[in-house]
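As structure tokens, the structure follows; a few thoughts come after it.
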Amino acid sequence: MRTKNRQPDELRPVEIIPNFNLYAEGSCLIKCGNTHVICTATVDEKVPAWLKNEERGWITAEYSLLPRATSTRVSRETHGVGGRTHEIQRLIGRSLRSVVDLTVLKGFSILIDCDVIQADGGTRTASITGSFIALYIALSKMVKEGKIPYNPIREFVAAISVGICHNEFLLDLEYIEDSSAQVDANFVLTESGKIVEIQGTAEGEPFSQEDYSRLMSLAQKGISQLIQLQKEVLKNVEI
């Protein structure tokens with residue numbers, strides 16, 4: 001039985017609070033059940049040195065799990081980020097860049113920060129879904145201020161976890177489900193259904209192509225709902 005009698009194909013309650021940070025050009029607090037992440041977007045009027053002579057801007061991300069975001073304290077990464085953190089940061093950056101025309105951002109970098117203040121599974125997927133909101137708001141402000149001619153986002157993007165637990169196919173895994181899953185996967189998909197990234201692992205026996213297809217269908221259903229929520233949130237945001 002899932003928490004609060006949640007159905008196998010049901011998302012956790014999702015709430016997105018835009019403009020959560022007073023100072024960032026774009027921000028939100030995203031709550032996916034008991035996983036809460038603050039996402040901010042900062043506009044920097046320069047690009048990395050390796051992009052200096054390129055006709056495009058850049059979007060990059062940093063991810064952090066606060067010490068008491070979990071049931072036991074996690075030490076701060078004060079001496080450089082670990083492998084898991086580095087991988088998640090790159091995933092967030094790739095996901096956002098995949099739906100943005102970077103040539104419109106020539107001369108600008110957007111720095112995304114994702115700070116997990118409470119974790120119960122799905123922190124990387126919540127970070128991607130929330131970061132898109134922060135990025136969209138920041139880019140809209142750039143348009144309003146005349147820094148770029150139009151919002152370069154080509155389509156919406158969101159992410160969700162799926163898995164097989166006790167032979168049941170589940171959408172949006174909580175930590176207790178993720179930690180005992182036979183198969184767990186993260187999907188990053190665009191509004192049109194295009195694939196940005198799929199991360200999937202069999203923790204025991206390998207899973208079949210039929211199993212994969214069922215997981216994909218679950219992920220598509222969840223991401224469609226998340227993108228609809230993103231649109232509703234952004235429709236009411238004052239830029």
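In the structure tokens, the first chain shown is A, the next is B, and so on; residue numbers restart at 1 for each chain, and ligands run from 1 in the order shown.
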
> DSSP says strand (DSSP E) for which residues of range 3-227 of chain A? Put them as a PyMOL selection string?
Replying inline: chain A and resi 14-18+26-32+35-44+58-65+109-118+157-165+168-171+183-190+195-202

> Leaving out range 96-105 of chain A and any residue of its chain fewer than 4 positions from it, which residues lie within 7 Å of it when counting only C-alpha atoms, given as a ChimeraX atom specification?
Replying inline: /A:55-59,92,132,148,152-155

>> I'd like to know which residues of range 16-237 of chain A are alpha helix (DSSP H) (by DSSP, run on the backbone); could you write them as JSON, numbers by chain?
In response: {"A": [83, 84, 85, 86, 87, 88, 89, 90, 91, 92, 93, 94, 95, 96, 97, 123, 124, 125, 126, 127, 128, 129, 130, 131, 132, 133, 134, 135, 136, 137, 138, 139, 140, 141, 142, 143, 144, 175, 176, 177, 178, 209, 210, 211, 212, 213, 214, 215, 216, 217, 218, 219, 220, 221, 222, 223, 224, 225, 226, 227, 228, 229, 230, 231, 232, 233, 234, 235]}

Closest atom pairs, residues of range 85-148 of chain A within 12 Å of range 13-17 of chain A, only C-alpha atoms, as JSON lines:
{"residue": "A:Ala126", "atom": "CA", "partner": "A:Val14", "partner_atom": "CA", "distance": 9.5}
{"residue": "A:Ser127", "atom": "CA", "partner": "A:Ile16", "partner_atom": "CA", "distance": 11.4}
{"residue": "A:Thr129", "atom": "CA", "partner": "A:Ile16", "partner_atom": "CA", "distance": 9.5}
{"residue": "A:Gly130", "atom": "CA", "partner": "A:Ile16", "partner_atom": "CA", "distance": 7.4}
{"residue": "A:Ser131", "atom": "CA", "partner": "A:Ile16", "partner_atom": "CA", "distance": 10.7}
{"residue": "A:Phe132", "atom": "CA", "partner": "A:Ile16", "partner_atom": "CA", "distance": 11.2}
{"residue": "A:Ile133", "atom": "CA", "partner": "A:Ile16", "partner_atom": "CA", "distance": 8.7}
{"residue": "A:Ala134", "atom": "CA", "partner": "A:Ile17", "partner_atom": "CA", "distance": 10.2}

> Contacts of Ala41 in chain A at 7 Å or less, counting only C-alpha atoms, minus same-chain residues fewer than 4 places along, as a PyMOL selection string?
Replying inline: chain A and resi 24-27+110-113+134-135+138

Output C-alpha atoms for every residue in that selection, as an mmCIF file, in the first residue's frame.
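To be explicit, this is the file written out as result_24.cif:
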data_model
loop_
_atom_site.group_PDB
_atom_site.id
_atom_site.type_symbol
_atom_site.label_atom_id
_atom_site.label_comp_id
_atom_site.auth_asym_id
_atom_site.auth_seq_id
_atom_site.Cartn_x
_atom_site.Cartn_y
_atom_site.Cartn_z
ATOM 1 C CA ALA A 24 16.947 35.620 -8.045
ATOM 2 C CA GLU A 25 15.869 36.514 -11.582
ATOM 3 C CA GLY A 26 13.802 33.344 -11.586
ATOM 4 C CA SER A 27 12.886 30.962 -8.776
ATOM 5 C CA ILE A 110 22.046 31.282 -16.831
ATOM 6 C CA LEU A 111 23.183 29.680 -13.582
ATOM 7 C CA ILE A 112 20.680 27.268 -12.057
ATOM 8 C CA ASP A 113 20.898 26.351 -8.356
ATOM 9 C CA ALA A 134 12.899 29.250 -12.632
ATOM 10 C CA LEU A 135 14.541 29.381 -16.063
ATOM 11 C CA ALA A 138 14.344 34.476 -15.734
#
